[in-house]
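J.: Got a file for you: target-v4.cif, mmCIF, C-alpha atoms.
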data_input
loop_
_atom_site.group_PDB
_atom_site.id
_atom_site.type_symbol
_atom_site.label_atom_id
_atom_site.label_comp_id
_atom_site.auth_asym_id
_atom_site.auth_seq_id
_atom_site.Cartn_x
_atom_site.Cartn_y
_atom_site.Cartn_z
ATOM 1 C CA MET A 1 120.287 81.853 91.252
ATOM 2 C CA LYS A 2 124.051 81.505 90.849
ATOM 3 C CA TYR A 3 126.000 78.561 92.180
ATOM 4 C CA HIS A 4 129.486 78.251 93.546
ATOM 5 C CA ALA A 5 131.530 75.118 92.922
ATOM 6 C CA ASP A 6 133.484 73.666 95.831
ATOM 7 C CA GLN A 7 136.014 70.828 95.809
ATOM 8 C CA ALA A 8 135.342 67.865 98.084
ATOM 9 C CA GLY A 9 137.172 64.678 98.935
ATOM 10 C CA GLY A 10 140.874 63.782 98.815
ATOM 11 C CA ALA A 11 143.584 64.743 96.337
ATOM 12 C CA ASN A 12 142.442 62.179 93.767
ATOM 13 C CA ASP A 13 138.685 62.694 94.308
ATOM 14 C CA ARG A 14 137.613 65.792 92.452
ATOM 15 C CA VAL A 15 133.897 66.098 93.128
ATOM 16 C CA LEU A 16 132.136 69.358 92.563
ATOM 17 C CA LEU A 17 129.462 70.323 95.064
ATOM 18 C CA LEU A 18 127.073 73.028 93.987
ATOM 19 C CA SER A 19 125.924 75.377 96.701
ATOM 20 C CA PRO A 20 123.673 78.372 96.157
ATOM 21 C CA ILE A 21 125.149 81.817 96.599
ATOM 22 C CA SER A 22 122.719 84.563 97.385
ATOM 23 C CA THR A 23 122.923 87.331 94.825
ATOM 24 C CA GLN A 24 120.038 89.268 96.307
ATOM 25 C CA ARG A 25 120.997 92.587 97.713
ATOM 26 C CA ILE A 26 119.292 93.273 100.981
ATOM 27 C CA SER A 27 118.027 96.806 100.841
ATOM 28 C CA VAL A 28 118.202 98.665 104.103
ATOM 29 C CA ILE A 29 115.057 100.514 105.153
ATOM 30 C CA ARG A 30 115.904 104.141 105.879
ATOM 31 C CA VAL A 31 113.921 105.410 108.881
ATOM 32 C CA VAL A 32 113.347 108.824 110.444
ATOM 33 C CA ILE A 33 112.096 108.861 114.054
ATOM 34 C CA VAL A 34 110.363 111.949 115.455
ATOM 35 C CA ASP A 35 109.371 112.152 119.117
ATOM 36 C CA ASP A 36 109.910 114.871 121.705
ATOM 37 C CA VAL A 37 111.128 112.322 124.296
ATOM 38 C CA SER A 38 114.745 111.245 123.729
ATOM 39 C CA THR A 39 114.244 107.983 125.655
ATOM 40 C CA VAL A 40 111.478 106.990 123.241
ATOM 41 C CA ARG A 41 113.642 107.838 120.227
ATOM 42 C CA MET A 42 116.469 105.698 121.632
ATOM 43 C CA ALA A 43 114.130 102.773 122.380
ATOM 44 C CA LEU A 44 112.589 102.904 118.893
ATOM 45 C CA LYS A 45 116.026 103.056 117.296
ATOM 46 C CA GLN A 46 117.196 100.056 119.297
ATOM 47 C CA ILE A 47 114.088 98.039 118.362
ATOM 48 C CA LEU A 48 114.308 98.902 114.658
ATOM 49 C CA THR A 49 118.027 98.260 114.196
ATOM 50 C CA THR A 50 118.012 94.844 115.921
ATOM 51 C CA ASP A 51 117.766 92.772 112.721
ATOM 52 C CA GLY A 52 120.186 94.848 110.636
ATOM 53 C CA ASP A 53 117.768 95.602 107.797
ATOM 54 C CA MET A 54 116.793 99.067 109.086
ATOM 55 C CA GLN A 55 118.879 102.168 109.549
ATOM 56 C CA VAL A 56 117.777 105.241 111.474
ATOM 57 C CA VAL A 57 119.018 108.052 109.239
ATOM 58 C CA GLY A 58 117.541 110.937 111.218
ATOM 59 C CA GLN A 59 115.855 111.852 114.474
ATOM 60 C CA GLY A 60 113.796 114.871 115.426
ATOM 61 C CA ARG A 61 112.011 116.363 118.427
ATOM 62 C CA HIS A 62 108.961 117.962 116.803
ATOM 63 C CA GLY A 63 106.961 118.254 113.625
ATOM 64 C CA ARG A 64 109.151 120.960 112.093
ATOM 65 C CA ASP A 65 112.128 118.639 112.430
ATOM 66 C CA ALA A 66 110.097 115.900 110.727
ATOM 67 C CA VAL A 67 109.267 118.054 107.704
ATOM 68 C CA ALA A 68 112.896 119.176 107.309
ATOM 69 C CA LEU A 69 114.366 115.694 107.822
ATOM 70 C CA VAL A 70 112.045 114.108 105.269
ATOM 71 C CA HIS A 71 112.830 116.829 102.747
ATOM 72 C CA ASP A 72 116.598 116.510 103.246
ATOM 73 C CA LEU A 73 117.020 112.749 103.815
ATOM 74 C CA ARG A 74 114.214 111.161 101.747
ATOM 75 C CA PRO A 75 113.685 108.211 104.119
ATOM 76 C CA ASP A 76 111.661 105.115 103.266
ATOM 77 C CA ILE A 77 109.387 105.657 106.287
ATOM 78 C CA VAL A 78 108.790 108.059 109.186
ATOM 79 C CA LEU A 79 107.816 107.026 112.717
ATOM 80 C CA MET A 80 106.244 110.001 114.445
ATOM 81 C CA ASP A 81 104.475 110.899 117.669
ATOM 82 C CA VAL A 82 101.386 113.107 117.650
ATOM 83 C CA ASP A 83 101.708 115.214 120.787
ATOM 84 C CA MET A 84 104.862 117.321 120.276
ATOM 85 C CA PRO A 85 105.847 120.979 120.736
ATOM 86 C CA GLN A 86 106.132 123.552 117.922
ATOM 87 C CA MET A 87 104.224 121.432 115.381
ATOM 88 C CA ASP A 88 102.229 118.329 116.235
ATOM 89 C CA GLY A 89 102.501 115.061 114.354
ATOM 90 C CA LEU A 90 99.209 115.457 112.497
ATOM 91 C CA GLU A 91 100.157 118.814 110.986
ATOM 92 C CA ALA A 92 103.635 117.510 110.167
ATOM 93 C CA THR A 93 102.048 114.483 108.477
ATOM 94 C CA GLU A 94 99.886 116.756 106.315
ATOM 95 C CA ARG A 95 102.887 118.856 105.302
ATOM 96 C CA ILE A 96 105.059 115.844 104.524
ATOM 97 C CA MET A 97 102.322 114.263 102.427
ATOM 98 C CA SER A 98 101.816 117.469 100.456
ATOM 99 C CA GLU A 99 105.512 118.331 99.994
ATOM 100 C CA SER A 100 107.523 115.059 100.077
ATOM 101 C CA ALA A 101 105.099 112.140 100.191
ATOM 102 C CA THR A 102 106.581 109.424 102.414
ATOM 103 C CA PRO A 103 104.999 106.515 104.312
ATOM 104 C CA ILE A 104 104.267 107.610 107.879
ATOM 105 C CA LEU A 105 103.539 105.440 110.906
ATOM 106 C CA ILE A 106 102.171 107.353 113.876
ATOM 107 C CA VAL A 107 103.570 105.871 117.109
ATOM 108 C CA THR A 108 101.776 107.474 120.017
ATOM 109 C CA SER A 109 100.899 106.904 123.663
ATOM 110 C CA SER A 110 97.763 105.051 124.617
ATOM 111 C CA ALA A 111 96.273 108.212 126.168
ATOM 112 C CA VAL A 112 96.508 110.019 122.842
ATOM 113 C CA TYR A 113 95.645 106.860 120.906
ATOM 114 C CA ASP A 114 92.430 106.410 122.889
ATOM 115 C CA ALA A 115 91.368 110.016 122.362
ATOM 116 C CA ARG A 116 88.187 110.204 120.372
ATOM 117 C CA GLY A 117 88.941 109.993 116.682
ATOM 118 C CA MET A 118 92.737 110.357 116.881
ATOM 119 C CA PRO A 119 93.501 107.296 114.732
ATOM 120 C CA PHE A 120 91.039 108.553 112.133
ATOM 121 C CA SER A 121 92.573 112.044 112.244
ATOM 122 C CA ALA A 122 96.018 110.527 111.680
ATOM 123 C CA ILE A 123 94.828 108.538 108.673
ATOM 124 C CA GLU A 124 92.972 111.584 107.332
ATOM 125 C CA SER A 125 96.204 113.589 107.627
ATOM 126 C CA GLY A 126 98.012 111.020 105.477
ATOM 127 C CA ALA A 127 99.515 108.507 107.913
ATOM 128 C CA LEU A 128 99.280 104.878 106.828
ATOM 129 C CA ASP A 129 98.700 103.449 110.297
ATOM 130 C CA VAL A 130 98.745 104.210 114.026
ATOM 131 C CA PHE A 131 100.825 102.110 116.417
ATOM 132 C CA PRO A 132 100.295 102.377 120.195
ATOM 133 C CA LYS A 133 103.481 103.364 122.018
ATOM 134 C CA PRO A 134 104.223 101.365 125.179
ATOM 135 C CA SER A 135 104.752 103.132 128.477
ATOM 136 C CA ILE A 136 108.257 104.533 128.893
ATOM 137 C CA THR A 137 108.544 102.953 132.338
ATOM 138 C CA ASP A 138 107.569 99.429 131.224
ATOM 139 C CA ASN A 139 110.563 97.650 129.613
ATOM 140 C CA ARG A 140 108.589 94.436 129.079
ATOM 141 C CA SER A 141 106.005 96.149 126.920
ATOM 142 C CA TRP A 142 108.761 97.603 124.696
ATOM 143 C CA GLN A 143 110.293 94.156 124.260
ATOM 144 C CA ASN A 144 106.907 92.643 123.417
ATOM 145 C CA VAL A 145 106.120 95.117 120.634
ATOM 146 C CA GLY A 146 109.502 94.842 118.902
ATOM 147 C CA ASP A 147 108.684 92.105 116.394
ATOM 148 C CA ARG A 148 105.286 93.567 115.581
ATOM 149 C CA LEU A 149 106.724 97.060 115.110
ATOM 150 C CA ARG A 150 109.523 95.813 112.821
ATOM 151 C CA ARG A 151 107.002 93.850 110.703
ATOM 152 C CA THR A 152 104.773 96.906 110.452
ATOM 153 C CA VAL A 153 107.677 99.150 109.422
ATOM 154 C CA ARG A 154 108.868 96.643 106.802
ATOM 155 C CA THR A 155 105.389 96.443 105.300
ATOM 156 C CA LEU A 156 104.573 100.152 105.333
ATOM 157 C CA SER A 157 107.978 101.188 103.985
ATOM 158 C CA ARG A 158 107.099 99.420 100.726
ATOM 159 C CA VAL A 159 103.816 101.278 100.235
ATOM 160 C CA LYS A 160 103.902 103.700 97.322
ATOM 161 C CA VAL A 161 102.350 106.940 98.521
ATOM 162 C CA VAL A 162 101.395 109.972 96.474
ATOM 163 C CA SER A 163 101.442 113.657 97.308
ATOM 164 C CA ARG A 164 98.178 115.092 98.446
ATOM 165 C CA ARG A 165 96.906 118.573 99.003
ATOM 166 C CA ARG A 166 96.780 119.796 102.526
ATOM 167 C CA LYS A 167 93.272 119.814 103.861
ATOM 168 C CA ARG A 168 91.566 123.176 104.053
ATOM 169 C CA GLN A 169 91.808 124.923 107.403
ATOM 170 C CA ASP A 170 88.475 125.475 109.188
ATOM 171 C CA ASN A 171 88.682 129.249 108.773
ATOM 172 C CA GLN A 172 89.279 129.056 105.025
ATOM 173 C CA SER A 173 86.443 128.903 102.591
ATOM 174 C CA PRO A 174 86.623 127.817 98.981
ATOM 175 C CA ALA A 175 87.336 130.501 96.405
ATOM 176 C CA PRO A 176 84.314 131.636 94.423
ATOM 177 C CA ALA A 177 83.512 129.589 91.361
ATOM 178 C CA ARG A 178 84.549 130.907 87.969
ATOM 179 C CA HIS A 179 83.006 129.601 84.799
ATOM 180 C CA GLY A 180 81.228 126.852 86.696
ATOM 181 C CA VAL A 181 84.437 125.494 88.308
ATOM 182 C CA LEU A 182 84.911 125.619 92.056
ATOM 183 C CA GLU A 183 88.465 126.587 92.971
ATOM 184 C CA SER A 184 89.910 125.988 96.393
ATOM 185 C CA PRO A 185 92.862 127.807 97.946
ATOM 186 C CA VAL A 186 96.279 126.228 97.585
#
Just dump the structure as structure tokens.

T.:
Amino acid sequence: MKYHADQAGGANDRVLLLSPISTQRISVIRVVIVDDVSTVRMALKQILTTDGDMQVVGQGRHGRDAVALVHDLRPDIVLMDVDMPQMDGLEATERIMSESATPILIVTSSAVYDARGMPFSAIESGALDVFPKPSITDNRSWQNVGDRLRRTVRTLSRVKVVSRRRKRQDNQSPAPARHGVLESPV
């Protein structure tokens, strides 16, 4: 830690006071938000940027946007809904994790969250966690989740993730084995 010397007292009293000066650089967490509802994107952005240590660097409306934004912007973390047009959040998560591995937090409505196995499907696709999204019409619930969401984003943004192969589609079967080695399609 470095210290800064200040003068104190009158003209004839030259006393040095040592006070710590922070030399730590606060790194800003770069966030991409993907949700098909603009009100949700705005609310998430407002919650995340409250403390000044997070910056929303990109926003998208569907999974294709998510894949492109992650590739182009290289954020520290992605917050993404599941139920979106064009490409859902689970497929987008798989693509991101196979092409540009990035921590992903699924933020989805309670109806989707409660669906049988959805949290497990999200984790299987490569997401680190699933966070229940409050109702759009309930301002109090958004205010109540703010601190918890920011803590979760701070923690997950530091996780080192690795690329992973996309899981095999149900209609694909493994390639025949050659020389005793089973090969699967890429």

J.: Figure out the distance between CA of Pro119 (chain A) and CA of Glu99 (chain A), please, to one decimal in Å.

T.: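 It comes out at 22.0 Å.
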
J.: Just say which residues the PyMOL selection byres ((chain A and resi 97) around 9) picks in this file, as a ChimeraX atom specification.

T.: /A:92-96,98-104,125-127,161-166

J.: To one decimal place in Å, what is the distance between CA of Ile47 (chain A) and CA of Asp72 (chain A)?

T.: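 Interatomic distance here is 24.0 Å.
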
J.: Give me, please, the distance in Å between CA of Pro134 (chain A) and CA of Leu48 (chain A), quoted to one decimal.

T.: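 Straight-line distance from CA of Pro134 (chain A) to CA of Leu48 (chain A) works out to 14.8 Å.
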
J.: Determine the residue set returned by the PyMOL selection byres ((chain A and resi 31-46) around 9) for the present structure, and present it as a ChimeraX atom specification.

T.: /A:29-30,47-50,54-63,65-66,69-70,73,75-85,89,107-108,133,136,142,146,153,157

J.: A:Ala122, A:His71, A:Leu105, A:Arg150: which is nearest Asp88 (chain A), counting only C-alpha atoms?

T.: A:Ala122

J.: Which residue is closest to Asp129 (chain A)? Choose from A:Asp53, A:Lys160, A:Ile106, A:Glu91 and count only C-alpha atoms.

T.: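 Distance minimum relative to Asp129 (chain A) lands on A:Ile106.
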